[in-house]
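Take a look at the structure below.
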Amino acid sequence: MARQVNPAEHAARRREILDAALRLMHDKGYDAMTIEDLLADLEISKGALYHYFRSKRALLEGVIEQISE
């Protein structure tokens, strides 16, 4: 049976990831920030992150989208 995802919880977790990524990008720069930095900051697994963003580039696009809103 497929896991049921609460849309509000999914959106909140996505925002949390984007906020942490933005903070790390600000502190270290995009090129210097690693996915491992983000995983350590959020205390999540790589699989959990990739559930929301397939790549570092997709994460950057999400940050830009969030800033523009």
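Every chain in the structure tokens takes a letter, A first, then B, and so on in the order presented; its residues are numbered from 1, and the ligands are numbered from 1 following the presented order.
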Exercise. Might you pull out every residue within 10 Å of segment 38-47 of chain A, with only C-alpha atoms counted and same-chain residues fewer than 4 positions away left off, and present them as a PyMOL selection string?
Key: chain A and resi 16-18+20-25+33-34+51-54
Practice problem: Quick one: pick out all alpha helix (DSSP H) residues within chain A from a backbone DSSP run and write them as a ChimeraX atom specification. | Solution: /A:7-28,35-42,46-52,56-68
Quiz item: Looking at A:Leu49, A:Asp31, A:Leu60, A:Glu36, which one is nearest to His10 of chain A, with distances taken over only C-alpha atoms?
Solution: A:Leu49
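The spacing separating atom CA of Arg15 of chain A from atom CA of Gln66 of chain A amounts to 8.2 Å.
The shortest atom-to-atom distance to Ile64 of chain A, with only C-alpha atoms taken into account, belongs to A:Asp19 out of A:Asp37, A:Tyr50, A:Asp19, A:Lys28.
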Self-check item: Atom-to-atom span, atom CA of Ile35 of chain A and atom CA of Lys56 of chain A, Å
Solution: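 Straight-line distance from atom CA of Ile35 of chain A to atom CA of Lys56 of chain A works out to 7.0 Å.
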